[in-house]
Amino acid sequence: MIVVLKPSITEEQKKNIIHEIETYQLKAVISKGVERTIIGAIGAEEQVLKARPHMEAFEGVESVVPILKPFKLASRDFKKEQTIIDVKGFGIGGKKLAIIAGPCSVEDREGLLRVAKSIKKSGACFLRGGAFKPRTSPYAFQGLGEEGLHILAQARKETGLLVVSEVMDPRQIDLFEEKVDVLQIGARNMQNYSLLKEVGHSRKPVLLKRGMMSTVKELLMSAEYILSEGNSNVILCERGIRTFEDSTRNTLDINAIPVLKKWSHLPVIVDPSHAAGKRDIIPAISMASIAAGADGLMIEVHPTPQKALSDGAQSLFPEQFDVLMQELEGLAKTVGRTI
Ligand code: PEP
Ligand code: MN
């Protein structure tokens, strides 16, 4: 439930309310909005039902509203305003579109630096690259591991780009702390609840990708795992889902963009590369995603896609990415964004 506070509330009255919420084994999460400060009382449904009738009687409480959705902290009921996630000064979810680009995997220092410089010149602000790769086959390239993170950090230093990379295991999180700016949770790990809880303890922004067979609600429930552990910096990512359609690797669920925007205050990024599986339709679905309200894109770009160790067929050539960025610039203006 949401406890809406009066603007005139004193610190003492606020403390009393939080104390009361906690006596019901509920978590009190404070959210300061533009107009009102609210406290989310989050926890087991039966405890919320017990606490609710008592809350209205407290001094400083304006009203008490139930959150009907199964996800609470992720919902628009809990927070009306759009969340803007600060990544070292870049606000994901703000007016400027967050464009993340780079290879599927970090393969070598020289290639990564080359592509990083190129995407930076085209206008991207974030560099992506997997150091730990979740591959379907155990015999496929698994990523460079820690060495890949070093290379990413070097590229960050040389270009000023912010770095996004996938963390697959809670034991890896410490390695990511210094070298990566946004922790990516891959589609296959969207329901790895122990991993979600662990990144919930970090304060780093988390890019949470939708599982390939997960509903929008399930994605938001996974976001809730991270938020409820105290990390409020969650970015949602639509990356295509499995359907009967086999003309593309996955099917981009364009509906998910406005639905997520309606149900949640969290920023939404679209990854057209894994949705498409082949590079030729990526420009079209990138444009469609921005037109549908996405806050940014994550696009695979490789210096020599034909030689890529993973996802070459869906990786854009740097020149194609450059053209797409120019096309996106015009569209961004039309939808009131910048690039
Ligand atoms: C990736 O971003 O390279 C990746 C593995 O994506 P997904 O988890 O969406 O399959
Ligand atoms: Mn990939």
# chains A, B, ... in the order shown; residues from 1 in each chain; ligands from 1
>>> residues_near_ligand(ligand="ligand 2", cutoff="8 Å", atoms="only C-alpha atoms and all ligand atoms", output="list of chain:residue names")
A:Pro103, A:Cys104, A:Ser105, A:Gly130, A:Ser273, A:His274, A:Glu300, A:Ser310, A:Asp311
>>> residues_around(residues="Leu266 of chain A", least_positions_apart="4", cutoff="7 Å", atoms="only C-alpha atoms", output="mmCIF file with N, CA, C and O atoms, in the first residue's frame")
data_model
loop_
_atom_site.group_PDB
_atom_site.id
_atom_site.type_symbol
_atom_site.label_atom_id
_atom_site.label_comp_id
_atom_site.auth_asym_id
_atom_site.auth_seq_id
_atom_site.Cartn_x
_atom_site.Cartn_y
_atom_site.Cartn_z
ATOM 1 N N ALA A 74 7.802 -1.120 -8.689
ATOM 2 C CA ALA A 74 7.998 -0.874 -10.129
ATOM 3 C C ALA A 74 6.797 -0.174 -10.749
ATOM 4 O O ALA A 74 6.863 0.277 -11.889
ATOM 5 N N GLN A 82 8.007 9.728 -14.263
ATOM 6 C CA GLN A 82 8.994 8.891 -14.956
ATOM 7 C C GLN A 82 10.314 8.886 -14.170
ATOM 8 O O GLN A 82 10.783 9.938 -13.741
ATOM 9 N N THR A 83 10.885 7.735 -13.990
ATOM 10 C CA THR A 83 12.197 7.662 -13.330
ATOM 11 C C THR A 83 13.305 7.943 -14.337
ATOM 12 O O THR A 83 13.290 7.416 -15.449
ATOM 13 N N VAL A 234 16.763 0.628 -11.935
ATOM 14 C CA VAL A 234 16.486 -0.471 -12.866
ATOM 15 C C VAL A 234 15.995 0.078 -14.215
ATOM 16 O O VAL A 234 15.117 0.928 -14.256
ATOM 17 N N ILE A 235 16.595 -0.433 -15.278
ATOM 18 C CA ILE A 235 16.209 -0.062 -16.645
ATOM 19 C C ILE A 235 15.656 -1.337 -17.284
ATOM 20 O O ILE A 235 16.313 -2.387 -17.237
ATOM 21 N N LEU A 236 14.474 -1.254 -17.873
ATOM 22 C CA LEU A 236 13.859 -2.437 -18.473
ATOM 23 C C LEU A 236 14.287 -2.533 -19.936
ATOM 24 O O LEU A 236 14.480 -1.512 -20.593
#
>>> closest_residue(among="A:Gly123, A:Pro267, A:Gly102, A:Gly40", to="Glu327 of chain A", atoms="only C-alpha atoms")
A:Gly123
>>> residues_near_ligand(ligand="ligand 1", cutoff="10 Å", atoms="only C-alpha atoms and all ligand atoms", output="ChimeraX atom specification")
/A:102-105,128-136,164-166,168,184-190,208-212,237-241,250,271-275,298-300,310-311
>>> select_by_dssp(residues="segment 241-316 of chain A", states="strand (DSSP E or B)", output="VMD selection string")
chain A and resid 241 251 264 268 to 270 296 to 301 316
>>> residues_around(residues="Gly60 of chain A", least_positions_apart="5", cutoff="12 Å", atoms="only C-alpha atoms", output="list in words")
Val3, Val4, Leu5, Lys6, Pro7, Ser8, Ile9, Thr10, Glu11, Glu12, Gln13, Lys14, Lys15, Asn16, Ile17, Ile18, Thr37, Ile38, Ile39 and Met55 of chain A
>>> closest_residue(among="A:Met287, A:Val106, A:Leu219, A:Leu227", to="Ile42 of chain A", atoms="only C-alpha atoms")
A:Leu227
>>> closest_residue(among="A:Pro205, A:Pro318, A:Gly230, A:Gly145", to="Gly91 of chain A", atoms="only C-alpha atoms")
A:Pro205
>>> atom_distance(atom1="atom CA of Arg76 of chain A", atom2="atom CA of Asn192 of chain A")
24.5 Å
>>> atom_distance(atom1="atom CA of Leu49 of chain A", atom2="atom CA of Lys79 of chain A")
20.8 Å
>>> decode(residues="segment 267-305 of chain A", atoms="N, CA and C atoms", output="mmCIF file, in the first residue's frame")
data_model
loop_
_atom_site.group_PDB
_atom_site.id
_atom_site.type_symbol
_atom_site.label_atom_id
_atom_site.label_comp_id
_atom_site.auth_asym_id
_atom_site.auth_seq_id
_atom_site.Cartn_x
_atom_site.Cartn_y
_atom_site.Cartn_z
ATOM 1 N N PRO A 267 12.571 3.404 -16.871
ATOM 2 C CA PRO A 267 12.899 3.604 -18.284
ATOM 3 C C PRO A 267 12.870 2.295 -19.073
ATOM 4 N N VAL A 268 12.566 2.415 -20.349
ATOM 5 C CA VAL A 268 12.471 1.240 -21.228
ATOM 6 C C VAL A 268 13.423 1.416 -22.419
ATOM 7 N N ILE A 269 14.288 0.421 -22.578
ATOM 8 C CA ILE A 269 15.246 0.406 -23.688
ATOM 9 C C ILE A 269 14.849 -0.764 -24.598
ATOM 10 N N VAL A 270 15.090 -0.627 -25.887
ATOM 11 C CA VAL A 270 14.810 -1.748 -26.794
ATOM 12 C C VAL A 270 16.122 -2.234 -27.432
ATOM 13 N N ASP A 271 16.259 -3.551 -27.476
ATOM 14 C CA ASP A 271 17.393 -4.182 -28.156
ATOM 15 C C ASP A 271 16.851 -4.805 -29.443
ATOM 16 N N PRO A 272 16.978 -4.092 -30.563
ATOM 17 C CA PRO A 272 16.438 -4.632 -31.822
ATOM 18 C C PRO A 272 17.307 -5.763 -32.375
ATOM 19 N N SER A 273 18.572 -5.828 -31.957
ATOM 20 C CA SER A 273 19.504 -6.802 -32.537
ATOM 21 C C SER A 273 19.095 -8.234 -32.215
ATOM 22 N N HIS A 274 18.837 -8.511 -30.918
ATOM 23 C CA HIS A 274 18.450 -9.876 -30.545
ATOM 24 C C HIS A 274 17.016 -10.186 -30.962
ATOM 25 N N ALA A 275 16.199 -9.145 -31.144
ATOM 26 C CA ALA A 275 14.837 -9.364 -31.631
ATOM 27 C C ALA A 275 14.890 -9.819 -33.089
ATOM 28 N N ALA A 276 15.741 -9.175 -33.880
ATOM 29 C CA ALA A 276 15.772 -9.438 -35.324
ATOM 30 C C ALA A 276 16.609 -10.664 -35.672
ATOM 31 N N GLY A 277 17.805 -10.712 -35.136
ATOM 32 C CA GLY A 277 18.717 -11.811 -35.483
ATOM 33 C C GLY A 277 19.436 -11.595 -36.797
ATOM 34 N N LYS A 278 19.021 -10.601 -37.567
ATOM 35 C CA LYS A 278 19.739 -10.273 -38.815
ATOM 36 C C LYS A 278 19.697 -8.774 -39.007
ATOM 37 N N ARG A 279 20.775 -8.282 -39.608
ATOM 38 C CA ARG A 279 20.975 -6.835 -39.549
ATOM 39 C C ARG A 279 20.034 -6.019 -40.423
ATOM 40 N N ASP A 280 19.480 -6.624 -41.492
ATOM 41 C CA ASP A 280 18.764 -5.767 -42.450
ATOM 42 C C ASP A 280 17.512 -5.084 -41.886
ATOM 43 N N ILE A 281 16.824 -5.694 -40.924
ATOM 44 C CA ILE A 281 15.587 -5.035 -40.446
ATOM 45 C C ILE A 281 15.822 -4.184 -39.185
ATOM 46 N N ILE A 282 17.065 -4.145 -38.722
ATOM 47 C CA ILE A 282 17.334 -3.418 -37.471
ATOM 48 C C ILE A 282 17.003 -1.917 -37.555
ATOM 49 N N PRO A 283 17.366 -1.238 -38.674
ATOM 50 C CA PRO A 283 16.992 0.185 -38.729
ATOM 51 C C PRO A 283 15.471 0.391 -38.597
ATOM 52 N N ALA A 284 14.683 -0.414 -39.303
ATOM 53 C CA ALA A 284 13.221 -0.222 -39.271
ATOM 54 C C ALA A 284 12.662 -0.422 -37.866
ATOM 55 N N ILE A 285 13.099 -1.491 -37.180
ATOM 56 C CA ILE A 285 12.504 -1.740 -35.859
ATOM 57 C C ILE A 285 13.099 -0.820 -34.779
ATOM 58 N N SER A 286 14.274 -0.274 -35.064
ATOM 59 C CA SER A 286 14.825 0.729 -34.142
ATOM 60 C C SER A 286 13.962 1.981 -34.186
ATOM 61 N N MET A 287 13.640 2.403 -35.391
ATOM 62 C CA MET A 287 12.814 3.609 -35.566
ATOM 63 C C MET A 287 11.436 3.385 -34.949
ATOM 64 N N ALA A 288 10.879 2.186 -35.177
ATOM 65 C CA ALA A 288 9.547 1.886 -34.642
ATOM 66 C C ALA A 288 9.563 1.943 -33.111
ATOM 67 N N SER A 289 10.648 1.467 -32.514
ATOM 68 C CA SER A 289 10.741 1.443 -31.055
ATOM 69 C C SER A 289 10.762 2.857 -30.482
ATOM 70 N N ILE A 290 11.509 3.731 -31.130
ATOM 71 C CA ILE A 290 11.571 5.115 -30.637
ATOM 72 C C ILE A 290 10.214 5.793 -30.848
ATOM 73 N N ALA A 291 9.593 5.506 -31.987
ATOM 74 C CA ALA A 291 8.267 6.086 -32.241
ATOM 75 C C ALA A 291 7.253 5.597 -31.207
ATOM 76 N N ALA A 292 7.443 4.370 -30.713
ATOM 77 C CA ALA A 292 6.502 3.804 -29.727
ATOM 78 C C ALA A 292 6.801 4.275 -28.299
ATOM 79 N N GLY A 293 7.868 5.042 -28.121
ATOM 80 C CA GLY A 293 8.111 5.628 -26.796
ATOM 81 C C GLY A 293 9.296 5.089 -26.021
ATOM 82 N N ALA A 294 10.141 4.279 -26.669
ATOM 83 C CA ALA A 294 11.313 3.756 -25.944
ATOM 84 C C ALA A 294 12.260 4.896 -25.562
ATOM 85 N N ASP A 295 12.957 4.695 -24.461
ATOM 86 C CA ASP A 295 13.901 5.711 -23.959
ATOM 87 C C ASP A 295 15.301 5.532 -24.526
ATOM 88 N N GLY A 296 15.476 4.508 -25.342
ATOM 89 C CA GLY A 296 16.796 4.300 -25.922
ATOM 90 C C GLY A 296 16.866 2.962 -26.624
ATOM 91 N N LEU A 297 18.040 2.664 -27.152
ATOM 92 C CA LEU A 297 18.251 1.434 -27.925
ATOM 93 C C LEU A 297 19.582 0.805 -27.537
ATOM 94 N N MET A 298 19.623 -0.512 -27.607
ATOM 95 C CA MET A 298 20.906 -1.197 -27.455
ATOM 96 C C MET A 298 21.132 -1.989 -28.742
ATOM 97 N N ILE A 299 22.163 -1.622 -29.478
ATOM 98 C CA ILE A 299 22.360 -2.170 -30.827
ATOM 99 C C ILE A 299 23.747 -2.793 -30.943
ATOM 100 N N GLU A 300 23.791 -4.017 -31.486
ATOM 101 C CA GLU A 300 25.095 -4.659 -31.685
ATOM 102 C C GLU A 300 25.776 -4.114 -32.949
ATOM 103 N N VAL A 301 27.010 -3.667 -32.749
ATOM 104 C CA VAL A 301 27.824 -3.135 -33.854
ATOM 105 C C VAL A 301 29.194 -3.788 -33.736
ATOM 106 N N HIS A 302 29.693 -4.311 -34.855
ATOM 107 C CA HIS A 302 30.994 -5.009 -34.830
ATOM 108 C C HIS A 302 31.882 -4.429 -35.925
ATOM 109 N N PRO A 303 33.185 -4.315 -35.678
ATOM 110 C CA PRO A 303 34.050 -3.733 -36.715
ATOM 111 C C PRO A 303 34.094 -4.598 -37.976
ATOM 112 N N THR A 304 34.022 -5.925 -37.807
ATOM 113 C CA THR A 304 33.997 -6.841 -38.967
ATOM 114 C C THR A 304 32.986 -7.955 -38.643
ATOM 115 N N PRO A 305 31.692 -7.689 -38.826
ATOM 116 C CA PRO A 305 30.658 -8.635 -38.397
ATOM 117 C C PRO A 305 30.821 -10.044 -38.957
#
